[in-house]
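Next comes work10.csv, with CSV, N, CA and C atoms.
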chain,number,residue,atom,x,y,z
N,971,MET,N,48.8,-32.4,51.3
N,971,MET,CA,48.9,-31.0,51.5
N,971,MET,C,49.9,-30.6,52.6
N,972,ALA,N,49.7,-31.3,53.7
N,972,ALA,CA,50.7,-31.1,54.8
N,972,ALA,C,52.1,-31.5,54.5
N,973,GLU,N,52.2,-32.5,53.6
N,973,GLU,CA,53.6,-32.9,53.1
N,973,GLU,C,54.2,-31.8,52.3
N,974,ASP,N,53.4,-31.1,51.5
N,974,ASP,CA,53.9,-30.0,50.7
N,974,ASP,C,54.4,-28.9,51.6
N,975,ALA,N,53.6,-28.6,52.6
N,975,ALA,CA,54.0,-27.5,53.5
N,975,ALA,C,55.2,-27.8,54.3
N,976,GLN,N,55.4,-29.1,54.7
N,976,GLN,CA,56.6,-29.6,55.4
N,976,GLN,C,57.8,-29.4,54.5
N,977,HIS,N,57.6,-29.8,53.2
N,977,HIS,CA,58.7,-29.8,52.2
N,977,HIS,C,59.1,-28.3,52.0
N,978,LEU,N,58.2,-27.4,51.9
N,978,LEU,CA,58.5,-26.0,51.7
N,978,LEU,C,59.2,-25.4,53.0
N,979,LEU,N,58.7,-25.8,54.1
N,979,LEU,CA,59.4,-25.4,55.4
N,979,LEU,C,60.8,-25.8,55.4
N,980,GLN,N,61.0,-27.1,55.1
N,980,GLN,CA,62.4,-27.6,55.1
N,980,GLN,C,63.3,-26.9,54.2
N,981,ARG,N,62.8,-26.6,53.0
N,981,ARG,CA,63.6,-25.8,52.0
N,981,ARG,C,64.0,-24.4,52.6
N,982,SER,N,63.0,-23.8,53.2
N,982,SER,CA,63.2,-22.5,53.7
N,982,SER,C,64.3,-22.5,54.9
N,983,LEU,N,64.1,-23.5,55.7
N,983,LEU,CA,65.1,-23.7,56.8
N,983,LEU,C,66.5,-24.0,56.3
N,984,LEU,N,66.6,-24.8,55.4
N,984,LEU,CA,67.9,-25.2,54.8
N,984,LEU,C,68.5,-23.9,54.1
N,985,GLY,N,67.7,-23.2,53.4
N,985,GLY,CA,68.2,-22.0,52.7
N,985,GLY,C,68.7,-21.0,53.7
N,986,GLU,N,67.9,-20.7,54.7
N,986,GLU,CA,68.4,-19.8,55.7
N,986,GLU,C,69.6,-20.2,56.5
N,987,ALA,N,69.7,-21.5,56.8
N,987,ALA,CA,70.8,-22.1,57.5
N,987,ALA,C,72.1,-21.9,56.7
N,988,VAL,N,72.0,-22.2,55.4
N,988,VAL,CA,73.2,-22.0,54.5
N,988,VAL,C,73.5,-20.6,54.3
N,989,ASP,N,72.5,-19.7,54.1
N,989,ASP,CA,72.8,-18.3,53.9
N,989,ASP,C,73.5,-17.7,55.1
N,990,ASN,N,73.2,-18.2,56.3
N,990,ASN,CA,73.7,-17.6,57.6
N,990,ASN,C,74.8,-18.5,58.2
N,991,ALA,N,75.4,-19.4,57.4
N,991,ALA,CA,76.5,-20.3,57.9
N,991,ALA,C,77.6,-19.4,58.4
N,992,GLN,N,78.0,-19.5,59.7
N,992,GLN,CA,79.0,-18.7,60.2
N,992,GLN,C,80.4,-19.1,59.7
N,993,GLY,N,81.1,-18.1,59.2
N,993,GLY,CA,82.5,-18.4,58.8
N,993,GLY,C,82.6,-19.1,57.5
N,994,THR,N,81.5,-19.2,56.8
N,994,THR,CA,81.5,-20.0,55.5
N,994,THR,C,80.9,-19.1,54.4
N,995,ALA,N,81.6,-18.9,53.3
N,995,ALA,CA,81.1,-18.2,52.2
N,995,ALA,C,80.5,-19.3,51.3
N,996,VAL,N,79.3,-18.9,50.8
N,996,VAL,CA,78.5,-19.8,49.9
N,996,VAL,C,78.3,-19.2,48.5
N,997,PHE,N,78.8,-19.9,47.5
N,997,PHE,CA,78.7,-19.5,46.1
N,997,PHE,C,77.9,-20.5,45.3
N,998,VAL,N,76.8,-20.1,44.6
N,998,VAL,CA,76.1,-21.0,43.7
N,998,VAL,C,76.5,-20.5,42.3
N,999,TRP,N,76.9,-21.5,41.5
N,999,TRP,CA,77.3,-21.1,40.1
N,999,TRP,C,76.8,-22.1,39.1
N,1000,ASN,N,76.7,-21.6,37.8
N,1000,ASN,CA,76.1,-22.3,36.8
N,1000,ASN,C,77.1,-23.0,35.9
N,1001,ASP,N,76.6,-23.7,34.9
N,1001,ASP,CA,77.5,-24.4,34.0
N,1001,ASP,C,78.4,-23.5,33.1
N,1002,GLU,N,78.0,-22.3,33.0
N,1002,GLU,CA,78.8,-21.3,32.3
N,1002,GLU,C,79.9,-20.7,33.2
N,1003,ARG,N,80.0,-21.2,34.4
N,1003,ARG,CA,81.0,-20.7,35.4
N,1003,ARG,C,80.7,-19.3,35.9
N,1004,HIS,N,79.5,-18.9,36.1
N,1004,HIS,CA,79.2,-17.6,36.6
N,1004,HIS,C,78.4,-17.7,37.9
N,1005,TYR,N,78.7,-16.9,38.9
N,1005,TYR,CA,78.0,-16.9,40.2
N,1005,TYR,C,76.6,-16.4,40.0
N,1006,VAL,N,75.6,-17.1,40.5
N,1006,VAL,CA,74.2,-16.7,40.4
N,1006,VAL,C,73.6,-16.4,41.7
N,1007,ALA,N,74.3,-16.8,42.8
N,1007,ALA,CA,73.8,-16.5,44.2
N,1007,ALA,C,75.0,-16.6,45.1
N,1008,VAL,N,75.1,-15.7,46.1
N,1008,VAL,CA,76.2,-15.7,47.1
N,1008,VAL,C,75.6,-15.2,48.4
N,1009,ASN,N,76.2,-15.7,49.5
N,1009,ASN,CA,75.7,-15.2,50.8
N,1009,ASN,C,76.6,-14.0,51.2
N,1010,GLU,N,76.2,-13.3,52.3
N,1010,GLU,CA,76.9,-12.1,52.7
N,1010,GLU,C,78.4,-12.4,53.1
N,1011,HIS,N,78.6,-13.6,53.6
N,1011,HIS,CA,80.0,-13.9,54.0
N,1011,HIS,C,80.9,-14.0,52.7
N,1012,ALA,N,80.3,-14.5,51.6
N,1012,ALA,CA,81.0,-14.5,50.4
N,1012,ALA,C,81.5,-13.1,49.9
N,1013,CYS,N,80.6,-12.2,50.1
N,1013,CYS,CA,80.9,-10.8,49.7
N,1013,CYS,C,82.0,-10.3,50.6
N,1014,SER,N,81.9,-10.5,51.9
N,1014,SER,CA,83.0,-10.1,52.8
N,1014,SER,C,84.3,-10.7,52.5
N,1015,LEU,N,84.3,-12.0,52.3
N,1015,LEU,CA,85.5,-12.8,52.0
N,1015,LEU,C,86.2,-12.2,50.8
N,1016,VAL,N,85.5,-12.0,49.7
N,1016,VAL,CA,86.0,-11.6,48.4
N,1016,VAL,C,86.3,-10.1,48.4
N,1017,GLY,N,85.5,-9.3,49.2
N,1017,GLY,CA,85.7,-7.9,49.3
N,1017,GLY,C,85.0,-7.2,48.2
N,1018,LEU,N,83.9,-7.8,47.7
N,1018,LEU,CA,83.1,-7.2,46.6
N,1018,LEU,C,81.6,-7.2,47.0
N,1019,PRO,N,80.8,-6.2,46.6
N,1019,PRO,CA,79.4,-6.2,46.9
N,1019,PRO,C,78.7,-7.3,46.1
N,1020,ARG,N,77.6,-7.8,46.6
N,1020,ARG,CA,76.9,-8.8,45.9
N,1020,ARG,C,76.6,-8.5,44.4
N,1021,GLU,N,76.2,-7.2,44.2
N,1021,GLU,CA,75.9,-6.8,42.8
N,1021,GLU,C,77.0,-7.0,41.8
N,1022,GLU,N,78.2,-6.9,42.3
N,1022,GLU,CA,79.4,-7.1,41.5
N,1022,GLU,C,79.8,-8.5,41.4
N,1023,LEU,N,79.6,-9.2,42.5
N,1023,LEU,CA,80.0,-10.7,42.6
N,1023,LEU,C,79.1,-11.5,41.7
N,1024,ILE,N,77.8,-11.2,41.7
N,1024,ILE,CA,76.9,-12.0,40.9
N,1024,ILE,C,77.3,-11.8,39.4
N,1025,GLY,N,77.4,-12.9,38.7
N,1025,GLY,CA,77.8,-12.8,37.2
N,1025,GLY,C,79.3,-12.9,37.0
N,1026,LEU,N,80.1,-12.7,38.0
N,1026,LEU,CA,81.5,-12.8,37.9
N,1026,LEU,C,81.9,-14.2,37.6
N,1027,PRO,N,82.8,-14.5,36.7
N,1027,PRO,CA,83.3,-15.9,36.4
N,1027,PRO,C,83.9,-16.5,37.6
N,1028,VAL,N,83.6,-17.8,37.9
N,1028,VAL,CA,84.2,-18.5,39.0
N,1028,VAL,C,85.7,-18.6,38.7
N,1029,GLY,N,86.5,-18.3,39.8
N,1029,GLY,CA,87.9,-18.4,39.7
N,1029,GLY,C,88.6,-17.2,39.1
N,1030,SER,N,87.8,-16.1,38.8
N,1030,SER,CA,88.4,-15.0,38.1
N,1030,SER,C,89.5,-14.3,38.9
N,1031,LEU,N,89.4,-14.4,40.2
N,1031,LEU,CA,90.4,-13.8,41.1
N,1031,LEU,C,91.5,-14.7,41.5
N,1032,SER,N,91.5,-15.9,41.0
N,1032,SER,CA,92.5,-17.0,41.4
N,1032,SER,C,93.6,-17.1,40.3
N,1033,PRO,N,94.7,-17.5,40.8
N,1033,PRO,CA,95.8,-17.8,39.8
N,1033,PRO,C,95.3,-18.7,38.7
N,1034,ASP,N,95.6,-18.5,37.5
N,1034,ASP,CA,95.2,-19.2,36.2
N,1034,ASP,C,93.7,-19.4,36.2
N,1035,GLU,N,92.9,-18.5,36.9
N,1035,GLU,CA,91.5,-18.6,36.9
N,1035,GLU,C,91.0,-19.9,37.4
N,1036,ALA,N,91.8,-20.6,38.3
N,1036,ALA,CA,91.4,-21.9,38.9
N,1036,ALA,C,91.0,-22.9,37.9
N,1037,ALA,N,91.7,-22.9,36.7
N,1037,ALA,CA,91.4,-23.8,35.6
N,1037,ALA,C,91.4,-25.3,36.0
N,1038,GLY,N,92.4,-25.7,36.7
N,1038,GLY,CA,92.5,-27.1,37.1
N,1038,GLY,C,91.4,-27.5,38.1
N,1039,ASP,N,91.1,-26.6,39.0
N,1039,ASP,CA,90.1,-26.9,40.0
N,1039,ASP,C,88.7,-27.0,39.3
N,1040,ILE,N,88.5,-26.0,38.4
N,1040,ILE,CA,87.2,-26.0,37.6
N,1040,ILE,C,87.0,-27.3,36.8
N,1041,GLU,N,88.1,-27.7,36.2
N,1041,GLU,CA,88.0,-29.0,35.4
N,1041,GLU,C,87.7,-30.1,36.3
N,1042,ARG,N,88.3,-30.2,37.4
N,1042,ARG,CA,88.1,-31.4,38.3
N,1042,ARG,C,86.7,-31.3,38.9
N,1043,THR,N,86.1,-30.1,39.1
N,1043,THR,CA,84.7,-30.1,39.6
N,1043,THR,C,83.7,-30.6,38.5
N,1044,GLY,N,84.1,-30.4,37.3
N,1044,GLY,CA,83.2,-30.9,36.2
N,1044,GLY,C,83.1,-32.4,36.2
N,1045,ARG,N,84.1,-33.1,36.7
N,1045,ARG,CA,84.1,-34.6,36.7
N,1045,ARG,C,83.6,-35.2,38.0
N,1046,ALA,N,83.5,-34.4,39.1
N,1046,ALA,CA,83.2,-35.0,40.4
N,1046,ALA,C,81.8,-34.5,40.9
N,1047,GLN,N,81.2,-35.4,41.6
N,1047,GLN,CA,79.9,-35.0,42.3
N,1047,GLN,C,80.2,-34.1,43.5
N,1048,ILE,N,81.3,-34.4,44.1
N,1048,ILE,CA,81.7,-33.6,45.3
N,1048,ILE,C,83.2,-33.5,45.3
N,1049,LEU,N,83.8,-32.4,45.6
N,1049,LEU,CA,85.2,-32.2,45.5
N,1049,LEU,C,85.7,-31.2,46.6
N,1050,ARG,N,86.8,-31.6,47.2
N,1050,ARG,CA,87.3,-30.7,48.2
N,1050,ARG,C,88.7,-30.3,47.8
N,1051,GLY,N,89.1,-29.0,48.2
N,1051,GLY,CA,90.4,-28.6,47.8
N,1051,GLY,C,90.8,-27.3,48.6
N,1052,SER,N,92.0,-26.8,48.2
N,1052,SER,CA,92.5,-25.6,48.8
N,1052,SER,C,93.2,-24.8,47.7
N,1053,SER,N,93.1,-23.5,47.8
N,1053,SER,CA,93.7,-22.6,46.8
N,1053,SER,C,93.8,-21.3,47.4
N,1054,SER,N,93.9,-20.3,46.6
N,1054,SER,CA,93.9,-18.9,47.0
N,1054,SER,C,93.4,-18.0,45.9
N,1055,PHE,N,93.0,-16.8,46.3
N,1055,PHE,CA,92.6,-15.8,45.4
N,1055,PHE,C,93.2,-14.4,45.9
N,1056,THR,N,93.2,-13.5,45.0
N,1056,THR,CA,93.7,-12.2,45.3
N,1056,THR,C,92.6,-11.1,45.2
N,1057,ARG,N,92.3,-10.5,46.3
N,1057,ARG,CA,91.3,-9.4,46.3
N,1057,ARG,C,91.8,-8.3,45.4
N,1058,ARG,N,90.9,-7.4,45.0
N,1058,ARG,CA,91.3,-6.3,44.2
N,1058,ARG,C,92.2,-5.3,44.9
N,1059,ASP,N,92.3,-5.4,46.2
N,1059,ASP,CA,93.2,-4.5,46.9
N,1059,ASP,C,94.6,-5.1,47.1
N,1060,GLY,N,94.8,-6.3,46.4
N,1060,GLY,CA,96.1,-6.9,46.4
N,1060,GLY,C,96.3,-8.0,47.5
N,1061,THR,N,95.3,-8.1,48.4
N,1061,THR,CA,95.5,-9.1,49.5
N,1061,THR,C,95.2,-10.5,49.0
N,1062,GLU,N,96.2,-11.4,49.3
N,1062,GLU,CA,96.0,-12.8,48.9
N,1062,GLU,C,95.3,-13.5,50.0
N,1063,VAL,N,94.3,-14.3,49.7
N,1063,VAL,CA,93.5,-15.0,50.7
N,1063,VAL,C,93.6,-16.5,50.4
N,1064,PRO,N,94.3,-17.2,51.3
N,1064,PRO,CA,94.3,-18.7,51.2
N,1064,PRO,C,93.0,-19.3,51.7
N,1065,ILE,N,92.4,-20.2,50.9
N,1065,ILE,CA,91.1,-20.8,51.3
N,1065,ILE,C,91.1,-22.3,51.1
N,1066,GLU,N,90.1,-22.9,51.8
N,1066,GLU,CA,89.7,-24.3,51.6
N,1066,GLU,C,88.3,-24.2,51.1
N,1067,TRP,N,87.9,-25.3,50.4
N,1067,TRP,CA,86.6,-25.3,49.8
N,1067,TRP,C,86.1,-26.7,49.6
N,1068,VAL,N,84.8,-26.8,49.5
N,1068,VAL,CA,84.2,-28.0,49.0
N,1068,VAL,C,83.1,-27.6,48.0
N,1069,THR,N,83.1,-28.3,46.8
N,1069,THR,CA,82.1,-28.0,45.8
N,1069,THR,C,81.3,-29.2,45.5
N,1070,MET,N,80.0,-29.1,45.3
N,1070,MET,CA,79.2,-30.2,44.9
N,1070,MET,C,78.2,-29.8,43.9
N,1071,ARG,N,77.7,-30.8,43.2
N,1071,ARG,CA,76.6,-30.6,42.3
N,1071,ARG,C,75.3,-30.5,43.1
N,1072,THR,N,74.4,-29.7,42.5
N,1072,THR,CA,73.1,-29.5,43.1
N,1072,THR,C,72.1,-29.1,42.0
N,1073,ARG,N,70.8,-29.0,42.4
N,1073,ARG,CA,69.8,-28.6,41.4
N,1073,ARG,C,69.0,-27.5,42.1
N,1074,VAL,N,68.6,-26.5,41.3
N,1074,VAL,CA,67.8,-25.4,41.8
N,1074,VAL,C,66.7,-25.2,40.7
N,1075,ALA,N,65.5,-25.2,41.1
N,1075,ALA,CA,64.3,-25.1,40.2
N,1075,ALA,C,64.5,-26.1,39.0
N,1076,GLY,N,65.0,-27.3,39.3
N,1076,GLY,CA,65.2,-28.3,38.3
N,1076,GLY,C,66.4,-28.2,37.4
N,1077,LEU,N,67.2,-27.1,37.6
N,1077,LEU,CA,68.4,-26.9,36.7
N,1077,LEU,C,69.6,-27.2,37.5
N,1078,ALA,N,70.6,-27.7,36.8
N,1078,ALA,CA,71.9,-28.1,37.3
N,1078,ALA,C,72.8,-26.9,37.7
N,1079,TYR,N,73.3,-26.9,38.9
N,1079,TYR,CA,74.2,-25.9,39.4
N,1079,TYR,C,75.3,-26.6,40.2
N,1080,ARG,N,76.2,-25.8,40.7
N,1080,ARG,CA,77.2,-26.2,41.7
N,1080,ARG,C,77.1,-25.2,42.8
N,1081,VAL,N,77.4,-25.8,44.0
N,1081,VAL,CA,77.5,-24.9,45.2
N,1081,VAL,C,78.8,-25.1,45.8
N,1082,SER,N,79.5,-24.0,46.1
N,1082,SER,CA,80.8,-24.1,46.8
N,1082,SER,C,80.7,-23.5,48.2
N,1083,LEU,N,81.2,-24.2,49.2
N,1083,LEU,CA,81.3,-23.7,50.5
N,1083,LEU,C,82.8,-23.4,50.7
N,1084,VAL,N,83.1,-22.2,51.1
N,1084,VAL,CA,84.5,-21.7,51.1
N,1084,VAL,C,84.8,-21.0,52.4
N,1085,TRP,N,86.0,-21.3,53.0
N,1085,TRP,CA,86.4,-20.6,54.2
N,1085,TRP,C,87.9,-20.3,54.2
N,1086,PRO,N,88.3,-19.2,54.9
N,1086,PRO,CA,89.7,-18.9,54.8
N,1086,PRO,C,90.5,-19.8,55.7
N,1087,ILE,N,91.7,-20.0,55.2
N,1087,ILE,CA,92.7,-20.8,56.0
N,1087,ILE,C,93.3,-19.9,57.0
N,1088,ILE,N,93.2,-20.2,58.3
N,1088,ILE,CA,93.7,-19.3,59.3
N,1088,ILE,C,95.0,-19.8,59.8
Encoded form (structure tokens):
Amino acid sequence: MAEDAQHLLQRSLLGEAVDNAQGTAVFVWNDERHYVAVNEHACSLVGLPREELIGLPVGSLSPDEAAGDIERTGRAQILRGSSSFTRRDGTEVPIEWVTMRTRVAGLAYRVSLVWPII
């Protein structure tokens, strides 16, 4: 029983730590390439509210919809790269990112940590 409580505590702490990662946008996305969860910094970076960002196709604001990067993430457990996207206001944002496979509630997802290149 104590082990279950410790496991739950660790998951909560990890979730909050990632959600509040300073300077890092966090995107969780599914095999259909749609965002299912994002942190506040992701919303700020992209310039969209969470309600609009959730469900948006991964790479939809990037040149060629990030097709090459998406293909490479499909083959790798963890992948790092750099690219850019264009906000709806026309601002181009260069970024670096790392994407890895993960599981949530037993289902396969990917999580991307993204930060602007300064």
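Rounded to one decimal, atom CA of N:Leu1031 and atom C of N:Thr1056 lie 5.4 Å from each other.
If you measure from each of N:Thr1072, N:Glu1002, N:Val1063, N:Gly1038 to N:Leu1015 using all atoms listed in the file, the closest one turns out to be N:Val1063.
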From the set N:Ile1087, N:Met1070, N:Val1006, N:Ala1078, which residue has the shortest atom-to-atom contact distance to N:Ser1054, counting only C-alpha atoms? N:Ile1087
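Residue neighbourhood of N:Val1028, excluding near-sequence residues (fewer than 3 positions): Trp999, Arg1003, His1004, Tyr1005, Glu1035 and Ala1036 of chain N, at 8 Å, using only C-alpha atoms.
Pairwise distance (atom CA of N:Trp1067, atom C of N:Ser982) equals 23.0 Å.
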Would you give me, as number ranges by chain, the residues in stretch 974-1010 of chain N that DSSP reads as helix (DSSP H, G or I)? N: 974-989, 1010
